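Please read the structure below before turning to the comments.
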Amino acid sequence: RVMQNTRVVMITGAAGNLGQAVADAFAALGDQLVLVGRRVPAGEADPRRWWVAADLLDAEQTVAAHARAVQRFGRVDVLCHLAGGFRMGEAVHETSAANWDFLVGINERTLLNAARAVVPGMLERGGGYFLNTVSAAGLLSQIGSAIYSTTKHAAVGFDNLMMVIRSDLRDPLRELNQALVLQVQAGDLEPHYWLQLEHQLLVSGAARALFTTSD
């Protein structure tokens, strides 16, 4: 168990570079971390970084990972969903079934499984934060990334539905999906790109946006 004034933050996709950076940011705030990945890295000695192995494509494993976190720490206050994948290069009509299945699974199914596992406990306690990281491809489309853009548009649509859930509850989740997190490529920072993003953000209804960049 942890102190009531210590947040318990569950991070999916924690083994990747983005996951490590986000974990460092939360750790710097003094949060207790539950780091979820397919494999648990060897040699982790920091008690504030507790690893649990789970394949988020498997709904039962995802529920079990959350249950283990609750058993150990009493609750999960924040779910930071970073798990996802990227493939591009094929034209829409040439996209293979294997690539569709891969990206739909890793970018959509994992999000659904995470929400199913974590949100009921947050509703029961009357509060929590569900933070889903998507890409600018979830608001705009790019030639050569048909599947990736489609799955990220679906993730943004999922977030919008979560906002509907939030508005329908008398005691809703605090700040549920009010922060839209977009990862953009450093080479995409032309003025016309930002004008398109500004329009799409207004349409999305997000209260604020946080941009992260990658090389």
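Identifiers for the structure tokens are assigned positionally: chains receive A, B, ... in sequence, residues are indexed from 1 per chain, and ligands are indexed from 1 in the order shown.
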Ala98 in chain A environment, 12 Å, only C-alpha atoms, sequence neighbours closer than 5 positions dropped, as number ranges by chain:
A: 87, 103-105, 147
Saved selection, atoms kept: N, CA and C atoms, as an mmCIF file, in the first residue's frame:
data_model
loop_
_atom_site.group_PDB
_atom_site.id
_atom_site.type_symbol
_atom_site.label_atom_id
_atom_site.label_comp_id
_atom_site.auth_asym_id
_atom_site.auth_seq_id
_atom_site.Cartn_x
_atom_site.Cartn_y
_atom_site.Cartn_z
ATOM 1 N N ARG A 87 3.628 1.339 -38.725
ATOM 2 C CA ARG A 87 4.079 0.807 -40.010
ATOM 3 C C ARG A 87 3.512 1.692 -41.099
ATOM 4 N N LEU A 103 -1.658 -3.481 -36.678
ATOM 5 C CA LEU A 103 -1.848 -2.120 -36.177
ATOM 6 C C LEU A 103 -3.205 -1.928 -35.508
ATOM 7 N N VAL A 104 -4.237 -2.590 -36.006
ATOM 8 C CA VAL A 104 -5.527 -2.523 -35.326
ATOM 9 C C VAL A 104 -5.397 -3.123 -33.928
ATOM 10 N N GLY A 105 -4.648 -4.207 -33.834
ATOM 11 C CA GLY A 105 -4.459 -4.834 -32.536
ATOM 12 C C GLY A 105 -3.679 -3.961 -31.573
ATOM 13 N N ILE A 147 -2.935 2.696 -42.793
ATOM 14 C CA ILE A 147 -3.363 1.919 -41.626
ATOM 15 C C ILE A 147 -3.079 2.692 -40.351
#
I'd like to know which of A:Ala117, A:Cys80, A:Ile106, A:Val92 is closest to Lys152 in chain A, using only C-alpha atoms.
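Closest to Lys152 in chain A, using only C-alpha atoms: A:Ile106.
Considering the residues A:Val76, A:Ala69, A:Met162, A:Leu56 and counting only C-alpha atoms, Met122 in chain A has its shortest atom-to-atom contact with A:Val76.
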Taking 4 positions as the minimum chain separation for residues in the same chain, which residues sit within 6 Å of range 24-35 of chain A when counting only C-alpha atoms? Answer as a list in words.
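Selected residues are Thr6, Arg7, Val8, Val9, Met10, Ile11, Ala14, Arg48, Arg49, Trp50 and Trp51 of chain A.
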Those residues with N, CA, C and O atoms, as a PDB file, in the first residue's frame please?
ATOM      1  N   THR A   6       0.187   9.932  -2.393  1.00  0.00           N
ATOM      2  CA  THR A   6       1.079   9.446  -3.446  1.00  0.00           C
ATOM      3  C   THR A   6       0.248   8.856  -4.568  1.00  0.00           C
ATOM      4  O   THR A   6      -0.541   7.938  -4.346  1.00  0.00           O
ATOM      5  N   ARG A   7       0.401   9.381  -5.767  1.00  0.00           N
ATOM      6  CA  ARG A   7      -0.358   8.839  -6.893  1.00  0.00           C
ATOM      7  C   ARG A   7       0.238   7.518  -7.357  1.00  0.00           C
ATOM      8  O   ARG A   7       1.456   7.351  -7.402  1.00  0.00           O
ATOM      9  N   VAL A   8      -0.638   6.606  -7.739  1.00  0.00           N
ATOM     10  CA  VAL A   8      -0.221   5.347  -8.346  1.00  0.00           C
ATOM     11  C   VAL A   8      -0.473   5.469  -9.850  1.00  0.00           C
ATOM     12  O   VAL A   8      -1.619   5.612 -10.283  1.00  0.00           O
ATOM     13  N   VAL A   9       0.587   5.440 -10.620  1.00  0.00           N
ATOM     14  CA  VAL A   9       0.514   5.685 -12.055  1.00  0.00           C
ATOM     15  C   VAL A   9       0.874   4.415 -12.805  1.00  0.00           C
ATOM     16  O   VAL A   9       1.989   3.887 -12.674  1.00  0.00           O
ATOM     17  N   MET A  10      -0.054   3.898 -13.593  1.00  0.00           N
ATOM     18  CA  MET A  10       0.206   2.725 -14.433  1.00  0.00           C
ATOM     19  C   MET A  10       0.550   3.200 -15.842  1.00  0.00           C
ATOM     20  O   MET A  10      -0.201   3.984 -16.447  1.00  0.00           O
ATOM     21  N   ILE A  11       1.677   2.748 -16.357  1.00  0.00           N
ATOM     22  CA  ILE A  11       2.144   3.150 -17.687  1.00  0.00           C
ATOM     23  C   ILE A  11       2.268   1.913 -18.561  1.00  0.00           C
ATOM     24  O   ILE A  11       3.031   0.995 -18.251  1.00  0.00           O
ATOM     25  N   ALA A  14       5.773   0.662 -21.305  1.00  0.00           N
ATOM     26  CA  ALA A  14       6.785   1.316 -20.475  1.00  0.00           C
ATOM     27  C   ALA A  14       8.211   0.976 -20.870  1.00  0.00           C
ATOM     28  O   ALA A  14       9.141   1.685 -20.478  1.00  0.00           O
ATOM     29  N   ARG A  48      10.082   2.235  -6.406  1.00  0.00           N
ATOM     30  CA  ARG A  48       9.053   3.122  -6.951  1.00  0.00           C
ATOM     31  C   ARG A  48       8.699   2.770  -8.392  1.00  0.00           C
ATOM     32  O   ARG A  48       7.772   3.341  -8.965  1.00  0.00           O
ATOM     33  N   ARG A  49       9.443   1.832  -8.979  1.00  0.00           N
ATOM     34  CA  ARG A  49       9.178   1.399 -10.356  1.00  0.00           C
ATOM     35  C   ARG A  49       8.909  -0.105 -10.326  1.00  0.00           C
ATOM     36  O   ARG A  49       9.829  -0.914 -10.420  1.00  0.00           O
ATOM     37  N   TRP A  50       7.631  -0.449 -10.203  1.00  0.00           N
ATOM     38  CA  TRP A  50       7.230  -1.843 -10.060  1.00  0.00           C
ATOM     39  C   TRP A  50       6.740  -2.355 -11.405  1.00  0.00           C
ATOM     40  O   TRP A  50       5.804  -1.816 -11.988  1.00  0.00           O
ATOM     41  N   TRP A  51       7.406  -3.389 -11.909  1.00  0.00           N
ATOM     42  CA  TRP A  51       7.098  -3.923 -13.229  1.00  0.00           C
ATOM     43  C   TRP A  51       6.121  -5.081 -13.135  1.00  0.00           C
ATOM     44  O   TRP A  51       6.177  -5.898 -12.213  1.00  0.00           O
TER      45      TRP A  51
END
Report as JSON, numbers by chain all protein, DNA and RNA residues lying within 12 Å of Phe102 in chain A, evaluated on only C-alpha atoms, omitting residues in the same chain fewer than 4 positions from it.
{"A": [57, 84, 85, 86, 87, 88, 95, 96, 97, 98, 106, 107, 108, 109, 110, 147, 148, 151]}
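The shortest atom-to-atom distance to Val119 in chain A, with only C-alpha atoms taken into account, belongs to A:Val63 out of A:Val52, A:Val63, A:Leu82, A:Leu18.
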Between A:Gly138, A:Asp58, A:Val22, A:Phe73, which one has atoms that come closest to Phe158 in chain A, using only C-alpha atoms?
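Nearest to Phe158 in chain A: A:Gly138.
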